[in-house]
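Containing TSV, C-alpha atoms and all ligand atoms: run-v2.tsv.
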chain	number	residue	atom	x	y	z
A	1	MET	CA	7.63	-7.36	25.16
A	2	ALA	CA	11.22	-7.19	23.87
A	3	VAL	CA	10.96	-9.83	21.16
A	4	LEU	CA	8.09	-10.58	18.76
A	5	VAL	CA	6.69	-14.09	18.45
A	6	THR	CA	8.20	-14.11	14.96
A	7	GLY	CA	11.68	-13.58	16.48
A	8	GLU	CA	12.44	-9.91	15.67
A	9	LYS	CA	13.98	-7.88	18.50
A	10	LEU	CA	12.48	-4.56	19.59
A	11	GLU	CA	14.42	-1.41	20.44
A	12	ILE	CA	12.58	1.48	22.13
A	13	LEU	CA	12.50	4.60	19.94
A	14	ILE	CA	9.97	6.81	21.80
A	15	THR	CA	8.99	6.18	25.42
A	16	GLU	CA	5.50	6.28	26.89
A	17	ALA	CA	6.43	9.48	28.81
A	18	GLU	CA	7.76	11.18	25.67
A	19	ILE	CA	4.54	10.36	23.82
A	20	ALA	CA	2.37	11.69	26.67
A	21	SER	CA	4.35	14.92	26.89
A	22	ARG	CA	4.20	15.51	23.13
A	23	ILE	CA	0.45	14.83	23.07
A	24	ASN	CA	-0.08	17.48	25.77
A	25	THR	CA	1.74	20.02	23.61
A	26	LEU	CA	-0.15	19.03	20.46
A	27	ALA	CA	-3.47	19.17	22.30
A	28	GLU	CA	-2.76	22.70	23.56
A	29	GLN	CA	-1.93	23.86	20.03
A	30	ILE	CA	-4.97	22.14	18.53
A	31	SER	CA	-7.27	23.52	21.25
A	32	THR	CA	-6.02	27.04	20.49
A	33	ALA	CA	-6.35	26.57	16.72
A	34	TYR	CA	-10.00	25.53	17.01
A	35	GLU	CA	-11.12	27.73	19.91
A	36	GLN	CA	-13.36	29.82	17.63
A	37	THR	CA	-15.36	26.88	16.28
A	38	ASN	CA	-17.83	24.39	17.63
A	39	GLN	CA	-17.81	22.46	14.35
A	40	LEU	CA	-14.76	20.27	14.99
A	41	VAL	CA	-14.93	16.62	14.02
A	42	VAL	CA	-11.86	14.49	14.62
A	43	ILE	CA	-11.56	11.54	12.24
A	44	GLY	CA	-9.27	8.65	13.13
A	45	LEU	CA	-8.00	6.41	10.33
A	46	LEU	CA	-8.21	2.85	11.61
A	47	ARG	CA	-6.73	0.74	12.71
A	48	GLY	CA	-3.41	2.33	13.62
A	49	SER	CA	-4.72	5.63	15.04
A	50	PHE	CA	-6.97	4.15	17.71
A	51	VAL	CA	-4.60	4.61	20.65
A	52	PHE	CA	-3.34	8.05	19.61
A	53	ILE	CA	-6.82	9.48	19.01
A	54	ALA	CA	-8.05	8.15	22.35
A	55	ASP	CA	-5.26	9.91	24.23
A	56	LEU	CA	-5.31	13.08	22.11
A	57	VAL	CA	-9.05	13.84	22.30
A	58	ARG	CA	-9.00	13.44	26.09
A	59	CYS	CA	-6.44	16.26	26.25
A	60	LEU	CA	-8.47	18.63	24.04
A	61	ASP	CA	-10.19	21.49	25.80
A	62	LEU	CA	-12.88	21.84	23.14
A	63	PRO	CA	-16.30	20.61	22.05
A	64	VAL	CA	-15.34	17.77	19.71
A	65	GLU	CA	-17.04	14.97	17.80
A	66	VAL	CA	-15.12	11.77	17.03
A	67	ASP	CA	-15.60	9.53	14.01
A	68	PHE	CA	-13.56	6.83	12.28
A	69	MET	CA	-12.72	5.62	8.77
A	70	THR	CA	-11.04	2.46	7.60
A	71	VAL	CA	-9.46	2.57	4.15
A	72	SER	CA	-7.10	0.50	2.08
A	73	SER	CA	-5.62	0.77	-1.38
A	74	TYR	CA	-6.22	-1.70	-4.18
A	75	GLY	CA	-3.10	-3.54	-5.24
A	76	ASN	CA	0.25	-1.97	-4.45
A	77	LYS	CA	-0.28	1.03	-2.16
A	78	MET	CA	3.17	2.32	-3.14
A	79	LYS	CA	1.74	3.32	-6.52
A	80	SER	CA	0.03	6.67	-6.72
A	81	SER	CA	-2.44	5.13	-9.19
A	82	GLY	CA	-3.71	2.85	-6.39
A	83	GLN	CA	-7.42	3.37	-5.82
A	84	LEU	CA	-8.64	4.08	-2.34
A	85	ARG	CA	-11.09	1.50	-1.04
A	86	ILE	CA	-13.37	2.58	1.77
A	87	ILE	CA	-13.90	-0.29	4.16
A	88	LYS	CA	-15.68	1.83	6.75
A	89	ASP	CA	-16.82	5.39	6.02
A	90	VAL	CA	-17.52	8.12	8.56
A	91	GLU	CA	-21.11	8.43	9.72
A	92	THR	CA	-20.95	12.22	10.19
A	93	ASP	CA	-22.24	14.71	7.61
A	94	LEU	CA	-19.02	16.65	6.97
A	95	LYS	CA	-20.54	19.63	5.11
A	96	ASN	CA	-19.29	22.89	6.71
A	97	ARG	CA	-17.48	20.98	9.46
A	98	ASP	CA	-13.89	21.54	10.59
A	99	ILE	CA	-12.21	18.19	9.98
A	100	LEU	CA	-9.06	17.09	11.78
A	101	ILE	CA	-7.73	13.81	10.38
A	102	ILE	CA	-5.74	11.76	12.89
A	103	GLU	CA	-3.07	9.37	11.58
A	104	ASP	CA	-0.64	7.15	13.43
A	105	ILE	CA	2.05	7.36	10.75
A	106	ILE	CA	2.57	8.99	7.36
A	107	ASP	CA	5.00	7.16	5.13
A	108	THR	CA	4.71	7.58	1.34
A	109	GLY	CA	1.71	9.90	1.77
A	110	HIS	CA	-0.45	8.00	-0.73
A	111	THR	CA	-3.11	6.94	1.77
A	112	LEU	CA	-3.56	10.39	3.22
A	113	SER	CA	-3.53	12.27	-0.09
A	114	GLN	CA	-6.35	10.05	-1.34
A	115	VAL	CA	-8.32	10.40	1.90
A	116	ILE	CA	-7.96	14.19	1.69
A	117	SER	CA	-9.23	14.21	-1.92
A	118	LEU	CA	-12.20	12.10	-0.89
A	119	LEU	CA	-13.13	14.15	2.17
A	120	GLU	CA	-12.81	17.44	0.27
A	121	THR	CA	-15.71	16.28	-1.93
A	122	ARG	CA	-17.87	16.37	1.21
A	123	LYS	CA	-17.46	20.21	1.34
A	124	PRO	CA	-16.02	20.69	4.82
A	125	GLN	CA	-15.29	24.19	6.12
A	126	SER	CA	-11.66	23.21	6.77
A	127	LEU	CA	-9.49	20.10	6.72
A	128	ARG	CA	-6.30	19.69	8.72
A	129	ILE	CA	-3.99	16.79	9.52
A	130	CYS	CA	-2.38	15.56	12.72
A	131	THR	CA	-0.06	12.55	12.73
A	132	LEU	CA	1.80	11.03	15.62
A	133	LEU	CA	4.71	9.84	13.46
A	134	ASN	CA	6.10	11.11	10.18
A	135	LYS	CA	8.73	9.53	7.93
A	136	PRO	CA	9.75	12.45	5.68
A	137	SER	CA	12.46	10.46	3.92
A	138	ARG	CA	9.83	8.06	2.54
A	139	ARG	CA	7.49	10.66	1.05
A	140	GLU	CA	6.35	10.12	-2.55
A	141	VAL	CA	3.35	12.46	-2.54
A	142	ASP	CA	3.36	15.93	-0.95
A	143	VAL	CA	0.95	16.21	1.97
A	144	ASP	CA	0.54	19.36	4.08
A	145	ILE	CA	0.67	18.17	7.68
A	146	ASP	CA	-0.49	20.64	10.32
A	147	TRP	CA	0.69	18.81	13.44
A	148	VAL	CA	3.44	16.15	13.69
A	149	GLY	CA	4.23	14.34	16.91
A	150	PHE	CA	7.65	13.04	15.90
A	151	ASP	CA	9.68	12.89	12.69
A	152	ILE	CA	11.31	9.46	12.64
A	153	PRO	CA	13.95	7.73	10.50
A	154	ASP	CA	13.12	5.12	7.87
A	155	GLU	CA	12.86	2.21	10.29
A	156	PHE	CA	10.02	-0.27	10.76
A	157	VAL	CA	8.23	0.79	13.94
A	158	ILE	CA	5.48	-0.72	16.08
A	159	GLY	CA	3.56	0.06	19.24
A	160	TYR	CA	1.03	2.60	20.48
A	161	GLY	CA	-1.48	1.40	17.87
A	162	ILE	CA	0.97	0.57	15.09
A	163	ASP	CA	1.39	-3.07	14.11
A	164	TYR	CA	3.90	-5.45	12.62
A	165	ALA	CA	1.91	-8.30	11.05
A	166	GLN	CA	-0.90	-7.33	13.46
A	167	GLN	CA	1.36	-7.66	16.52
A	168	GLY	CA	2.47	-4.93	18.89
A	169	ARG	CA	-0.45	-2.48	18.69
A	170	ASN	CA	-0.79	-2.77	22.49
A	171	LEU	CA	2.74	-1.60	23.33
A	172	GLN	CA	2.77	1.63	25.36
A	173	HIS	CA	5.88	2.95	23.59
A	174	ILE	CA	7.09	3.08	19.98
A	175	ALA	CA	9.76	0.52	19.14
A	176	ILE	CA	11.94	-0.24	16.13
A	177	VAL	CA	11.63	-3.78	14.79
A	178	LYS	CA	15.15	-5.16	14.38
A	179	LYS	CA	15.23	-7.95	11.84
A	180	PRO	CA	17.61	-10.82	12.74
A	201	LIG	C1	-0.62	2.74	7.76
A	201	LIG	C2	-0.90	4.08	8.43
A	201	LIG	C3	-1.34	4.94	7.30
A	201	LIG	C4	-0.61	4.37	6.11
A	201	LIG	C5	0.58	5.24	5.83
A	201	LIG	O1	-1.80	2.02	7.71
A	201	LIG	O2	-1.90	3.98	9.41
A	201	LIG	O3	-2.73	4.91	7.09
A	201	LIG	O4	-0.16	3.05	6.47
A	201	LIG	O5	1.26	4.79	4.70
A	201	LIG	P1	1.43	5.67	3.40
A	201	LIG	O6	1.76	7.09	3.82
A	201	LIG	O7	2.59	5.00	2.70
A	201	LIG	O8	0.17	5.61	2.60
A	201	LIG	P2	-1.85	0.45	7.42
A	201	LIG	O9	-2.17	0.25	5.96
A	201	LIG	O10	-0.61	-0.19	7.93
A	201	LIG	O11	-3.13	-0.02	8.24
A	201	LIG	P3	-3.47	0.04	9.81
A	201	LIG	O12	-3.74	1.51	10.15
A	201	LIG	O13	-4.71	-0.80	9.94
A	201	LIG	O14	-2.31	-0.52	10.60
As structure tokens, how would this structure be written, given the file I've shared?
Amino acid sequence: MAVLVTGEKLEILITEAEIASRINTLAEQISTAYEQTNQLVVIGLLRGSFVFIADLVRCLDLPVEVDFMTVSSYGNKMKSSGQLRIIKDVETDLKNRDILIIEDIIDTGHTLSQVISLLETRKPQSLRICTLLNKPSRREVDVDIDWVGFDIPDEFVIGYGIDYAQQGRNLQHIAIVKKP
């Protein structure tokens, strides 16, 4: 797919091979970081993280549980006052667990900072963050990220789980959406 049905052109930013190679490196680092625990639960934030988490957990050399959350913010998510709405919560009891949150992309940081605040109330033993993509130039709220796949410029991207108006999640690479 080089053009969306809505007419925007796509320009490859990160290839399938580059993603696979980076995931191998991240998985090695994550496997080392958690080698002393058997309490790891990896939580994917839906929908965007579904491809990344599927590939990442299959590269982990660890006992690992997988769970998912779907959240959205009320009103304008650009505002830090936006309230987090849980559409689907995790099913795992997180008390004393080592949580690794998996995101596809961190932009302003509002979503993640609210998810972190929420999950900390569940009294985990530890909570760390792994994101495939990071847009540092867009940050409005500080978030400590433990593992970043790629820092990217402030461009609209799709593919590998990430959508543009719900299109493009099935692309095997990450592409920039070029508006006409
Ligand atoms: C995206 C992404 C993050 C959030 C990042 O989700 O998956 O959760 O936006 O933005 P922020 O740092 O500015 O809060 P989106 O709301 O597009 O939903 P999706 O995962 O279902 O595609």
Give the centre and edge lengths of an axis-aligned box, in Å to one decimal, that holds all listed atoms of ligand LIG 201 (chain A) with 8 Å on each side, as lines of an AutoDock Vina configuration file.
center_x = -1.1
center_y = 3.1
center_z = 6.6
size_x = 23.3
size_y = 23.9
size_z = 24.0
Set out as a tab-separated table a contact list for chain A and ligand LIG 201 (chain A) with a cut-off of 8 Å, giving each residue of chain A that qualifies its closest atom pair and distance in Å to one decimal, counting all atoms listed in the file, ordered by chain and rising residue number.
residue	atom	partner	partner_atom	distance
A:Leu45	CA	A:LIG201	O3	6.4
A:Leu46	CA	A:LIG201	O12	4.9
A:Arg47	CA	A:LIG201	O13	3.8
A:Gly48	CA	A:LIG201	O12	3.6
A:Ser49	CA	A:LIG201	O12	6.5
A:Thr70	CA	A:LIG201	O13	7.5
A:Val71	CA	A:LIG201	O3	7.7
A:Ser72	CA	A:LIG201	O9	6.3
A:Lys77	CA	A:LIG201	O8	6.6
A:Met78	CA	A:LIG201	O7	6.5
A:Glu103	CA	A:LIG201	O2	5.9
A:Asp104	CA	A:LIG201	O2	5.3
A:Ile105	CA	A:LIG201	C2	5.0
A:Ile106	CA	A:LIG201	O6	4.1
A:Asp107	CA	A:LIG201	O6	3.5
A:Thr108	CA	A:LIG201	O7	3.6
A:Gly109	CA	A:LIG201	O6	3.5
A:His110	CA	A:LIG201	O8	4.1
A:Thr111	CA	A:LIG201	O8	3.6
A:Leu112	CA	A:LIG201	O8	6.1
A:Arg138	CA	A:LIG201	O7	7.9
A:Arg139	CA	A:LIG201	O6	7.3
A:Gly161	CA	A:LIG201	O14	7.6
A:Ile162	CA	A:LIG201	O14	5.7
A:Asp163	CA	A:LIG201	O14	5.7
A:Gln166	CA	A:LIG201	O14	7.5
Can you tell me which residues surround A:Asp151 at a distance of at most 10 Å, considering all atoms listed in the file, apart from same-chain residues fewer than 3 positions away, and format the answer as a short mmCIF file (atom, residue, chain, number, x, y, z; two decimals) with C-alpha atoms, in the coordinates of the input?
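This went into selection38.cif:
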data_model
loop_
_atom_site.label_atom_id
_atom_site.label_comp_id
_atom_site.auth_asym_id
_atom_site.auth_seq_id
_atom_site.Cartn_x
_atom_site.Cartn_y
_atom_site.Cartn_z
CA ILE A 105 2.05 7.36 10.75
CA ILE A 106 2.57 8.99 7.36
CA THR A 131 -0.06 12.55 12.73
CA LEU A 132 1.80 11.03 15.62
CA LEU A 133 4.71 9.84 13.46
CA ASN A 134 6.10 11.11 10.18
CA LYS A 135 8.73 9.53 7.93
CA PRO A 136 9.75 12.45 5.68
CA SER A 137 12.46 10.46 3.92
CA VAL A 148 3.44 16.15 13.69
CA ASP A 154 13.12 5.12 7.87
#
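Taking atom CA of A:Gln167 and atom CA of A:Val57 as endpoints, the distance between them is 24.6 Å.
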Q.
Which residues are near A:Asp146? Cut-off 10 Å, all atoms listed in the file, ignore same chain within fewer than 2 positions. Put them as a PyMOL selection string.
A. chain A and resi 30+100-101+127-131+143-144+148
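Of note, atom CA of A:Ile102 and atom CA of A:Gly44 are spaced 4.7 Å apart.
Closest approach to A:Ala165 from the set A:Leu118, A:Glu35, A:Ala2, A:Glu8 is made by A:Glu8, with distances taken over only C-alpha atoms.
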Q.
With all atoms listed in the file as the counted atoms, please give the residues lying no more than 12 Å from A:Glu65, apart from itself and same-chain residues fewer than 4 positions off, as a PyMOL selection string.
A. chain A and resi 38-44+53+57-58+60+90-94+97-101
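The shortest atom-to-atom distance to A:Phe50, with all atoms listed in the file taken into account, belongs to A:Asn170 out of A:Asn170, A:Thr37, A:Gln125, A:Gln83.
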Q) In Å, with one decimal, what is the gap from atom CA of A:Trp147 to atom CA of A:Asn24? A) 12.4 Å
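For the set A:Val5, A:Leu10, A:Val141, A:Leu119, the residue with the smallest atom-to-atom gap to A:Phe156 is A:Leu10, counting only C-alpha atoms.
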Q. Which residues come within 9 Å of A:Val177, counting all atoms listed in the file, excluding same-chain residues fewer than 3 positions away, as a PyMOL selection string?
A. chain A and resi 3-4+8-11+155-158+164
